[in-house]
Amino acid sequence: MTRVFSGIQPTGHLTLGNYLGAMRRWAEVDQHRADSLFCVVDLHALTVDHDPARLRRLSRQTTTLLLAAGLDPEVCTLFLQSHVDEHTRLSYLLECVATDGEMRRMIQYKEKAAKQRERGGGLRLSLLTYPVLMAADILAYGADEVPVGEDQTQHVELARDVAVRFNQRYGHTFVVPRTTLPPVAARVMNLQDPTRKMGKSDESGAGVVYLLDEPDVVRKKVLRAVTDSGREVVYDREARPGLANLLDILAACTGGSPESLAAGYDSYGALKKDTAEAVVEVLRPVRDRHRELCADPAYVEEVLRDGAEKARALARPTVDTAYRAIGLLPPVTEPR
């Protein structure tokens, strides 16, 4: 059976972009068609300055929202990255196979490093090396497929390169994974700046719809979305990015195509109103289920405990094999 691995960082409140671009497909498609593992990658959140208490809150909230979106722990494996030691055990071995040049070519490293320098802060070494940890996240489980957004494909390519290199040098150890891109709304853009994706770390939040936003807040944000010059409603990502973003969102919420939806509108106002209502309705069951789960924190803890046990059992044989392959002696245990 095909094995799928994907992860999400608890670096901010989850957004409509996270839901339409990844979470909904994980729940509706991936967990049912494959042996699927979904990981809250909390170790990746340590690559920049953070508040420890906030990280703990967001890790729990992210887990709860993944369950609310429809992930079923009876069907898939849901766990926290830091709860499974095999991730960090394998990461160091892969650092001994990856190169400095590969790390410095990473587009996200360049972008995040530039932002840190603008703020006058130093760069943590982990910001440079975390793509190797991401490779370890994937390779530890023998994942065949990694469903990600377009901005993460370079990281999966690194995992592929490192897996091939390790296999060639030390013997076949890892499955070489492949990227899978969701067909619709893989990249929901910021409502106030449709040239940027709708990210969790947006400082103002005006162009970001968060999964836990109240319905009236959602409507207000969508109705205030930036559109483009001209009156005709047409779908053109290059020339009319604001309009295209609204049509993409509406299409993802209703199941239509952006091009055919555009033909049904003769004003931006009507399109915004329908998009706002569609977003409110698509998020309503997620918000309702989240509320129920928050009233039962013991259940969420049980999911994380069981998920970590399952993930550990899957990852340990591969990581132990990698340790032997690279030349490390196994630990000596006392006979009982």
# chains A, B, ... in the order shown; residues from 1 in each chain; ligands from 1

$ residues_around --residues "region 37-49 of chain A" --least-positions-apart "4" --cutoff "7 Å" --atoms "only C-alpha atoms" --output "CSV table (one decimal) with N, CA and C atoms, in the first residue's frame"
chain,number,residue,atom,x,y,z
A,4,VAL,N,2.0,7.7,2.6
A,4,VAL,CA,2.0,9.1,2.4
A,4,VAL,C,2.4,9.8,3.7
A,5,PHE,N,3.3,10.8,3.6
A,5,PHE,CA,3.7,11.5,4.8
A,5,PHE,C,3.6,13.0,4.5
A,6,SER,N,3.0,13.8,5.4
A,6,SER,CA,3.0,15.2,5.3
A,6,SER,C,3.0,15.8,6.7
A,7,GLY,N,3.5,17.1,6.7
A,7,GLY,CA,3.6,17.7,8.0
A,7,GLY,C,3.2,19.2,7.9
A,8,ILE,N,2.9,19.8,9.1
A,8,ILE,CA,2.5,21.2,9.1
A,8,ILE,C,3.1,21.8,10.4
A,9,GLN,N,3.6,23.0,10.2
A,9,GLN,CA,4.3,23.7,11.3
A,9,GLN,C,3.3,24.4,12.2
A,10,PRO,N,3.5,24.4,13.5
A,10,PRO,CA,2.6,25.1,14.5
A,10,PRO,C,3.2,26.5,14.8
A,11,THR,N,3.5,27.3,13.7
A,11,THR,CA,4.1,28.6,13.8
A,11,THR,C,3.1,29.7,13.8
A,59,SER,N,0.8,24.0,19.1
A,59,SER,CA,1.0,22.6,18.8
A,59,SER,C,-0.3,21.8,19.1
A,63,THR,N,-3.0,20.3,16.2
A,63,THR,CA,-3.5,18.9,16.3
A,63,THR,C,-5.0,18.9,16.3
A,76,CYS,N,-5.6,7.0,10.0
A,76,CYS,CA,-4.3,7.5,9.7
A,76,CYS,C,-3.5,7.6,11.0
A,77,THR,N,-2.2,8.0,10.9
A,77,THR,CA,-1.4,8.2,12.1
A,77,THR,C,-1.1,9.7,12.2
A,78,LEU,N,-1.5,10.3,13.4
A,78,LEU,CA,-1.4,11.7,13.6
A,78,LEU,C,-0.5,11.9,14.9
A,79,PHE,N,0.6,12.7,14.8
A,79,PHE,CA,1.5,12.7,15.9
A,79,PHE,C,2.3,14.0,15.9
A,80,LEU,N,3.0,14.3,17.0
A,80,LEU,CA,3.9,15.4,17.1
A,80,LEU,C,5.3,14.9,16.8
A,81,GLN,N,6.0,15.7,16.0
A,81,GLN,CA,7.4,15.4,15.6
A,81,GLN,C,8.3,15.1,16.8
A,82,SER,N,8.2,16.0,17.8
A,82,SER,CA,9.1,16.0,18.9
A,82,SER,C,8.9,14.7,19.8
A,124,ARG,N,19.8,31.4,13.3
A,124,ARG,CA,20.1,30.2,13.9
A,124,ARG,C,20.5,29.2,12.9
A,126,SER,N,19.9,26.2,12.8
A,126,SER,CA,18.8,25.3,12.4
A,126,SER,C,18.0,25.8,11.2
A,127,LEU,N,18.0,27.1,11.0
A,127,LEU,CA,17.3,27.7,9.9
A,127,LEU,C,18.0,27.2,8.6
A,130,TYR,N,17.4,22.9,8.6
A,130,TYR,CA,16.1,22.2,8.8
A,130,TYR,C,15.6,21.5,7.6

$ residues_around --residues "region 265-271 of chain A" --least-positions-apart "5" --cutoff "9 Å" --atoms "only C-alpha atoms" --output "VMD selection string"
chain A and resid 223 227 231 to 234 243 246 to 247 250 276

$ closest_residue --among "A:Leu93, A:Leu191, A:Val209, A:Ala262" --to "Val319 (chain A)" --atoms "only C-alpha atoms"
A:Leu93

$ closest_residue --among "A:His172, A:Arg187, A:Arg291, A:Arg224" --to "Ala325 (chain A)" --atoms "only C-alpha atoms"
A:His172

$ select_by_dssp --residues "region 11-58 of chain A" --states "strand (DSSP E)" --output "list of chain:residue names"
A:Asp35, A:Ser36, A:Leu37, A:Phe38, A:Cys39, A:Val40

$ write_last_selection --atoms "all heavy atoms" --output "mmCIF file, in the first residue's frame"
data_model
loop_
_atom_site.group_PDB
_atom_site.id
_atom_site.type_symbol
_atom_site.label_atom_id
_atom_site.label_comp_id
_atom_site.auth_asym_id
_atom_site.auth_seq_id
_atom_site.Cartn_x
_atom_site.Cartn_y
_atom_site.Cartn_z
ATOM 1 N N ASP A 35 -1.586 4.428 3.267
ATOM 2 C CA ASP A 35 -1.125 4.350 4.652
ATOM 3 C C ASP A 35 -0.526 5.720 4.966
ATOM 4 O O ASP A 35 0.588 6.035 4.553
ATOM 5 C CB ASP A 35 -0.072 3.245 4.770
ATOM 6 C CG ASP A 35 0.508 3.132 6.164
ATOM 7 O OD1 ASP A 35 -0.049 3.749 7.097
ATOM 8 O OD2 ASP A 35 1.534 2.447 6.323
ATOM 9 N N SER A 36 -1.271 6.562 5.676
ATOM 10 C CA SER A 36 -0.939 7.984 5.780
ATOM 11 C C SER A 36 -0.483 8.374 7.171
ATOM 12 O O SER A 36 -1.076 7.969 8.173
ATOM 13 C CB SER A 36 -2.149 8.843 5.391
ATOM 14 O OG SER A 36 -2.523 8.585 4.060
ATOM 15 N N LEU A 37 0.583 9.191 7.202
ATOM 16 C CA LEU A 37 1.083 9.770 8.442
ATOM 17 C C LEU A 37 1.053 11.281 8.308
ATOM 18 O O LEU A 37 1.549 11.844 7.315
ATOM 19 C CB LEU A 37 2.517 9.319 8.728
ATOM 20 C CG LEU A 37 2.733 7.824 8.933
ATOM 21 C CD1 LEU A 37 3.330 7.207 7.659
ATOM 22 C CD2 LEU A 37 3.670 7.571 10.108
ATOM 23 N N PHE A 38 0.491 11.947 9.322
ATOM 24 C CA PHE A 38 0.416 13.404 9.335
ATOM 25 C C PHE A 38 1.042 13.891 10.638
ATOM 26 O O PHE A 38 0.683 13.433 11.723
ATOM 27 C CB PHE A 38 -1.027 13.871 9.201
ATOM 28 C CG PHE A 38 -1.670 13.391 7.934
ATOM 29 C CD1 PHE A 38 -2.607 12.364 7.955
ATOM 30 C CD2 PHE A 38 -1.321 13.939 6.722
ATOM 31 C CE1 PHE A 38 -3.190 11.900 6.793
ATOM 32 C CE2 PHE A 38 -1.889 13.477 5.537
ATOM 33 C CZ PHE A 38 -2.829 12.460 5.573
ATOM 34 N N CYS A 39 1.972 14.814 10.503
ATOM 35 C CA CYS A 39 2.828 15.187 11.621
ATOM 36 C C CYS A 39 2.776 16.689 11.868
ATOM 37 O O CYS A 39 2.896 17.489 10.925
ATOM 38 C CB CYS A 39 4.266 14.761 11.295
ATOM 39 S SG CYS A 39 5.473 15.080 12.589
ATOM 40 N N VAL A 40 2.593 17.079 13.123
ATOM 41 C CA VAL A 40 2.748 18.477 13.516
ATOM 42 C C VAL A 40 4.239 18.670 13.794
ATOM 43 O O VAL A 40 4.766 18.176 14.798
ATOM 44 C CB VAL A 40 1.900 18.804 14.762
ATOM 45 C CG1 VAL A 40 2.106 20.260 15.176
ATOM 46 C CG2 VAL A 40 0.427 18.530 14.484
#

$ closest_residue --among "A:Ile138, A:Pro194, A:Leu94, A:Asp72" --to "Glu238 (chain A)" --atoms "only C-alpha atoms"
A:Pro194

$ residues_around --residues "region 101-104 of chain A" --least-positions-apart "4" --cutoff "7 Å" --atoms "only C-alpha atoms" --output "list in words"
Tyr109, Leu128 and Thr129 of chain A

$ closest_residue --among "A:Glu86, A:Glu281, A:Asp216, A:Asp248" --to "Leu133 (chain A)" --atoms "only C-alpha atoms"
A:Glu86

$ closest_residue --among "A:Lys110, A:Thr321, A:Gly207, A:Ala263" --to "Leu123 (chain A)" --atoms "only C-alpha atoms"
A:Lys110

$ atom_distance --atom1 "CA of Val29 (chain A)" --atom2 "CA of Arg316 (chain A)"
27.1 Å

$ closest_residue --among "A:Glu214, A:Asp85, A:Glu150, A:Thr195" --to "Ala313 (chain A)" --atoms "only C-alpha atoms"
A:Asp85

$ select_by_dssp --residues "region 87-142 of chain A" --states "helix (DSSP H, G or I)" --output "number ranges by chain"
A: 87-95, 100-104, 107-118, 125-139

$ atom_distance --atom1 "CA of Leu139 (chain A)" --atom2 "CA of Asp51 (chain A)"
29.4 Å

$ atom_distance --atom1 "CA of Ala251 (chain A)" --atom2 "CA of Leu67 (chain A)"
24.0 Å
